[in-house]
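File shown here: entry_10.pdb, holding PDB, C-alpha atoms, pLDDT in the B column.
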MODEL        1
ATOM      1  CA  MET A   1    -161.228  24.125-264.340  1.00 69.00           C
ATOM      2  CA  LYS A   2    -162.676  27.011-262.412  1.00 69.00           C
ATOM      3  CA  HIS A   3    -160.354  26.174-259.522  1.00 71.00           C
ATOM      4  CA  VAL A   4    -157.313  26.284-261.817  1.00 70.00           C
ATOM      5  CA  TYR A   5    -158.179  29.791-263.034  1.00 70.00           C
ATOM      6  CA  SER A   6    -158.732  31.048-259.525  1.00 75.00           C
ATOM      7  CA  ALA A   7    -155.461  29.451-258.352  1.00 71.00           C
ATOM      8  CA  VAL A   8    -153.545  31.058-261.229  1.00 68.00           C
ATOM      9  CA  ALA A   9    -155.228  34.414-260.616  1.00 69.00           C
ATOM     10  CA  GLY A  10    -154.361  34.199-256.911  1.00 69.00           C
ATOM     11  CA  LEU A  11    -150.762  33.369-257.757  1.00 66.00           C
ATOM     12  CA  VAL A  12    -150.502  36.330-260.169  1.00 67.00           C
ATOM     13  CA  ILE A  13    -151.960  38.688-257.573  1.00 74.00           C
ATOM     14  CA  ALA A  14    -149.580  37.343-254.925  1.00 68.00           C
ATOM     15  CA  LEU A  15    -146.587  37.882-257.226  1.00 62.00           C
ATOM     16  CA  LEU A  16    -147.676  41.425-257.995  1.00 68.00           C
ATOM     17  CA  CYS A  17    -147.869  42.219-254.297  1.00 68.00           C
ATOM     18  CA  VAL A  18    -144.311  41.080-253.603  1.00 67.00           C
ATOM     19  CA  PRO A  19    -141.954  44.055-253.956  1.00 70.00           C
ATOM     20  CA  ALA A  20    -139.239  43.714-256.541  1.00 62.00           C
ATOM     21  CA  PRO A  21    -135.650  43.869-255.272  1.00 65.00           C
ATOM     22  CA  VAL A  22    -134.482  47.466-255.266  1.00 58.00           C
ATOM     23  CA  ARG A  23    -131.033  48.296-256.503  1.00 58.00           C
ATOM     24  CA  ALA A  24    -129.300  50.644-254.118  1.00 53.00           C
ATOM     25  CA  GLU A  25    -128.118  53.662-256.016  1.00 55.00           C
ATOM     26  CA  VAL A  26    -125.235  55.428-254.350  1.00 51.00           C
ATOM     27  CA  LYS A  27    -125.252  59.146-254.916  1.00 50.00           C
ATOM     28  CA  PRO A  28    -122.206  61.119-253.842  1.00 50.00           C
ATOM     29  CA  ASP A  29    -122.714  64.195-251.673  1.00 53.00           C
ATOM     30  CA  LYS A  30    -121.157  66.388-254.328  1.00 51.00           C
ATOM     31  CA  PRO A  31    -121.238  65.715-258.054  1.00 47.00           C
ATOM     32  CA  GLU A  32    -117.916  64.511-259.360  1.00 55.00           C
ATOM     33  CA  VAL A  33    -116.178  67.168-261.385  1.00 55.00           C
ATOM     34  CA  THR A  34    -114.446  65.904-264.488  1.00 81.00           C
ATOM     35  CA  LYS A  35    -113.506  69.316-265.825  1.00 92.00           C
ATOM     36  CA  ARG A  36    -110.123  70.179-264.401  1.00 96.00           C
ATOM     37  CA  VAL A  37    -107.300  72.650-264.840  1.00 97.00           C
ATOM     38  CA  ASN A  38    -103.754  71.430-264.379  1.00 97.00           C
ATOM     39  CA  ILE A  39    -102.266  74.325-262.425  1.00 97.00           C
ATOM     40  CA  ASN A  40     -98.734  73.206-263.313  1.00 98.00           C
ATOM     41  CA  ASN A  41     -99.038  73.604-267.072  1.00 96.00           C
ATOM     42  CA  ALA A  42    -102.149  75.718-267.764  1.00 97.00           C
ATOM     43  CA  ASP A  43    -101.617  79.111-269.343  1.00 97.00           C
ATOM     44  CA  ALA A  44    -103.246  82.289-268.049  1.00 97.00           C
ATOM     45  CA  SER A  45    -106.278  81.971-270.338  1.00 97.00           C
ATOM     46  CA  GLN A  46    -106.981  78.429-269.103  1.00 97.00           C
ATOM     47  CA  LEU A  47    -106.520  79.468-265.466  1.00 97.00           C
ATOM     48  CA  SER A  48    -108.930  82.372-265.902  1.00 96.00           C
ATOM     49  CA  MET A  49    -111.704  79.878-266.720  1.00 96.00           C
ATOM     50  CA  LEU A  50    -111.743  78.920-263.036  1.00 96.00           C
ATOM     51  CA  PRO A  51    -114.383  80.562-260.826  1.00 96.00           C
ATOM     52  CA  ARG A  52    -113.247  83.818-259.164  1.00 95.00           C
ATOM     53  CA  VAL A  53    -110.016  83.852-261.228  1.00 96.00           C
ATOM     54  CA  GLY A  54    -109.655  86.757-263.604  1.00 96.00           C
ATOM     55  CA  PRO A  55    -106.748  87.714-265.857  1.00 97.00           C
ATOM     56  CA  SER A  56    -104.677  89.359-263.106  1.00 97.00           C
ATOM     57  CA  VAL A  57    -104.916  86.421-260.680  1.00 97.00           C
ATOM     58  CA  ALA A  58    -104.228  84.007-263.556  1.00 97.00           C
ATOM     59  CA  ASP A  59    -101.096  86.003-264.424  1.00 98.00           C
ATOM     60  CA  ARG A  60     -99.988  85.871-260.766  1.00 98.00           C
ATOM     61  CA  ILE A  61    -100.395  82.073-260.759  1.00 98.00           C
ATOM     62  CA  VAL A  62     -98.238  81.772-263.893  1.00 98.00           C
ATOM     63  CA  GLU A  63     -95.603  84.136-262.424  1.00 98.00           C
ATOM     64  CA  TYR A  64     -95.560  82.251-259.120  1.00 98.00           C
ATOM     65  CA  ARG A  65     -95.065  78.995-261.000  1.00 97.00           C
ATOM     66  CA  LYS A  66     -92.190  80.498-263.033  1.00 97.00           C
ATOM     67  CA  ASP A  67     -90.486  81.811-259.888  1.00 97.00           C
ATOM     68  CA  ASN A  68     -91.059  78.806-257.600  1.00 97.00           C
ATOM     69  CA  GLY A  69     -91.442  75.805-259.889  1.00 97.00           C
ATOM     70  CA  PRO A  70     -94.445  73.489-260.186  1.00 97.00           C
ATOM     71  CA  PHE A  71     -97.025  73.212-257.426  1.00 97.00           C
ATOM     72  CA  LYS A  72     -96.476  70.086-255.308  1.00 97.00           C
ATOM     73  CA  LYS A  73    -100.075  70.009-254.079  1.00 97.00           C
ATOM     74  CA  THR A  74    -103.189  71.962-254.985  1.00 97.00           C
ATOM     75  CA  GLU A  75    -103.214  73.671-251.571  1.00 97.00           C
ATOM     76  CA  ASP A  76     -99.980  75.447-252.568  1.00 97.00           C
ATOM     77  CA  LEU A  77    -102.133  77.641-254.794  1.00 97.00           C
ATOM     78  CA  MET A  78    -103.034  79.584-251.631  1.00 97.00           C
ATOM     79  CA  LEU A  79     -99.458  80.908-251.636  1.00 97.00           C
ATOM     80  CA  VAL A  80    -100.421  83.062-254.618  1.00 97.00           C
ATOM     81  CA  GLN A  81    -101.619  86.544-253.703  1.00 96.00           C
ATOM     82  CA  GLY A  82    -105.367  86.802-254.236  1.00 95.00           C
ATOM     83  CA  ILE A  83    -106.190  83.180-253.453  1.00 97.00           C
ATOM     84  CA  GLY A  84    -107.231  82.625-249.876  1.00 97.00           C
ATOM     85  CA  GLU A  85    -108.997  79.793-248.092  1.00 97.00           C
ATOM     86  CA  LYS A  86    -112.509  80.630-249.351  1.00 96.00           C
ATOM     87  CA  THR A  87    -111.446  81.037-252.963  1.00 96.00           C
ATOM     88  CA  PHE A  88    -109.368  77.872-252.787  1.00 97.00           C
ATOM     89  CA  GLN A  89    -112.353  75.871-251.486  1.00 97.00           C
ATOM     90  CA  LEU A  90    -114.359  77.102-254.484  1.00 96.00           C
ATOM     91  CA  LEU A  91    -111.540  76.183-256.893  1.00 96.00           C
ATOM     92  CA  LYS A  92    -110.557  72.856-255.319  1.00 96.00           C
ATOM     93  CA  PRO A  93    -112.931  70.595-257.327  1.00 96.00           C
ATOM     94  CA  TYR A  94    -111.464  71.955-260.572  1.00 97.00           C
ATOM     95  CA  LEU A  95    -107.759  71.759-259.703  1.00 97.00           C
ATOM     96  CA  ALA A  96    -105.188  69.156-260.687  1.00 97.00           C
ATOM     97  CA  ILE A  97    -101.398  69.049-260.483  1.00 97.00           C
ATOM     98  CA  SER A  98    -100.996  66.446-263.221  1.00 96.00           C
ATOM     99  CA  GLY A  99    -102.804  65.343-266.361  1.00 95.00           C
ATOM    100  CA  ASP A 100    -104.475  67.397-269.028  1.00 95.00           C
ATOM    101  CA  THR A 101    -106.527  70.543-268.626  1.00 95.00           C
ATOM    102  CA  THR A 102    -110.068  69.547-269.587  1.00 95.00           C
ATOM    103  CA  LEU A 103    -111.939  72.707-268.584  1.00 94.00           C
ATOM    104  CA  LYS A 104    -112.925  74.473-271.803  1.00 93.00           C
ATOM    105  CA  GLU A 105    -115.285  77.245-270.646  1.00 94.00           C
ATOM    106  CA  LYS A 106    -115.521  79.697-267.757  1.00 94.00           C
ATOM    107  CA  VAL A 107    -117.045  78.287-264.582  1.00 91.00           C
ATOM    108  CA  GLY A 108    -119.477  80.650-262.891  1.00 86.00           C
ATOM    109  CA  SER A 109    -118.932  81.407-259.243  1.00 73.00           C
ATOM    110  CA  SER A 110    -121.847  81.212-256.871  1.00 67.00           C
ATOM    111  CA  ARG A 111    -121.244  83.199-253.747  1.00 60.00           C
ATOM    112  CA  SER A 112    -123.751  82.617-250.988  1.00 55.00           C
ATOM    113  CA  GLY A 113    -122.841  85.771-249.090  1.00 47.00           C
ATOM    114  CA  LYS A 114    -123.267  88.117-252.024  1.00 48.00           C
ATOM    115  CA  ALA A 115    -125.036  91.333-251.085  1.00 45.00           C
ATOM    116  CA  LYS A 116    -128.271  91.980-252.887  1.00 43.00           C
ATOM    117  CA  GLY A 117    -129.833  95.211-253.960  1.00 42.00           C
ATOM    118  CA  LYS A 118    -126.678  97.253-254.332  1.00 43.00           C
ATOM    119  CA  SER A 119    -126.349  99.676-257.172  1.00 42.00           C
ATOM    120  CA  ALA A 120    -123.774  99.252-259.897  1.00 42.00           C
ATOM    121  CA  LYS A 121    -121.605 102.067-258.488  1.00 45.00           C
ATOM    122  CA  GLY A 122    -120.210 100.413-255.382  1.00 45.00           C
ATOM    123  CA  GLY A 123    -123.468 100.062-253.534  1.00 46.00           C
ATOM    124  CA  LYS A 124    -123.339 103.368-251.684  1.00 48.00           C
ATOM    125  CA  ALA A 125    -126.384 105.568-251.768  1.00 47.00           C
ATOM    126  CA  LYS A 126    -125.760 109.200-252.622  1.00 48.00           C
ATOM    127  CA  LYS A 127    -126.689 111.727-249.997  1.00 50.00           C
ATOM    128  CA  GLU A 128    -129.333 114.052-251.221  1.00 48.00           C
ATOM    129  CA  LYS A 129    -128.701 117.724-250.706  1.00 51.00           C
ATOM    130  CA  SER A 130    -131.232 119.189-248.375  1.00 48.00           C
ATOM    131  CA  ALA A 131    -133.337 122.045-249.604  1.00 52.00           C
ATOM    132  CA  SER A 132    -132.586 124.156-246.542  1.00 51.00           C
ATOM    133  CA  PRO A 133    -129.131 125.430-245.594  1.00 55.00           C
ATOM    134  CA  ALA A 134    -127.172 123.593-242.928  1.00 57.00           C
ATOM    135  CA  ASP A 135    -127.358 126.490-240.470  1.00 56.00           C
ATOM    136  CA  GLY A 136    -131.142 126.213-240.252  1.00 56.00           C
ATOM    137  CA  SER A 137    -131.823 129.636-241.758  1.00 55.00           C
ATOM    138  CA  LEU A 138    -134.414 130.083-244.450  1.00 57.00           C
ATOM    139  CA  GLY A 139    -131.818 131.020-247.018  1.00 54.00           C
ATOM    140  CA  SER A 140    -131.910 134.033-249.332  1.00 53.00           C
ATOM    141  CA  THR A 141    -135.600 133.785-250.136  1.00 55.00           C
ATOM    142  CA  GLY A 142    -136.703 134.852-246.678  1.00 54.00           C
ATOM    143  CA  ALA A 143    -139.951 133.006-247.195  1.00 54.00           C
ATOM    144  CA  GLY A 144    -141.468 131.601-244.040  1.00 55.00           C
ATOM    145  CA  TRP A 145    -144.269 129.152-243.638  1.00 60.00           C
TER     146      TRP A 145
ENDMDL
END

If you convert what's in this file into structure tokens, what do you get?
Amino acid sequence: MKHVYSAVAGLVIALLCVPAPVRAEVKPDKPEVTKRVNINNADASQLSMLPRVGPSVADRIVEYRKDNGPFKKTEDLMLVQGIGEKTFQLLKPYLAISGDTTLKEKVGSSRSGKAKGKSAKGGKAKKEKSASPADGSLGSTGAGW
């Protein structure tokens, strides 16, 4: 009987040491975006939910569409003033030329090249006025050190 217990114990230990089959989980490089804007039928408010698209660019997209008809491919959006290659690459995951618009809230834009530490007024530091006149004189006080 002792041999049976030791054989069973050995078998259990052996089974625990064998690795279980691992299911390969495929992860895409970029997460799949399911929130989209149909650029052929979205109004200006829906278009302005896209990253880096404000009201004026959204209005230009709508005007371009009225003047030229529907976009044939998403890349045609770069024909609109204000949308270049970099902006288009940021927008591309959210664009569609058919189907419903499913994007319901503004998408934040993350710019990697954004300058840090600039002030709210354009980022230019004000020049301080020097205490001494530009001509190097001591001014009207006449005080010397």

Worksheet item: On this structure, which residues satisfy the PyMOL selection byres ((chain A and resi 46) around 12), written as a PyMOL selection string?
Response: chain A and resi 35-45+47-51+53-55+57-59+61-62+94-95+100-107

Worksheet item: Which value, in Å to one decimal, gives the distance between atom CA of Pro93 of chain A and atom CA of Thr34 of chain A?
Response: 8.7 Å

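Between atom CA of Ser109 of chain A and atom CA of Lys66 of chain A the interatomic distance comes to 27.0 Å.
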
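Using all atoms listed in the file for every distance, the candidate list A:Leu90, A:Gly84, A:Ile97, A:Ser56 yields A:Ile97 as the residue closest to Lys72 of chain A.
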
Discussion item. Show me, as a PyMOL selection string, the residues that have an atom within 12 Å of Leu79 of chain A when counting only C-alpha atoms, minus same-chain residues fewer than 5 positions from it.
Written reply: chain A and resi 57+60-61+63-65+68+71-74+84-85+88

Worksheet, complete the sentence: Between atom CA of Gly99 of chain A and atom CA of Gln81 of chain A lies a distance of 24.7 Å

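Nearest residue to Ser98 of chain A, choosing from A:Pro19, A:Pro70, A:Val80, A:Glu75 and counting only C-alpha atoms: A:Pro70.
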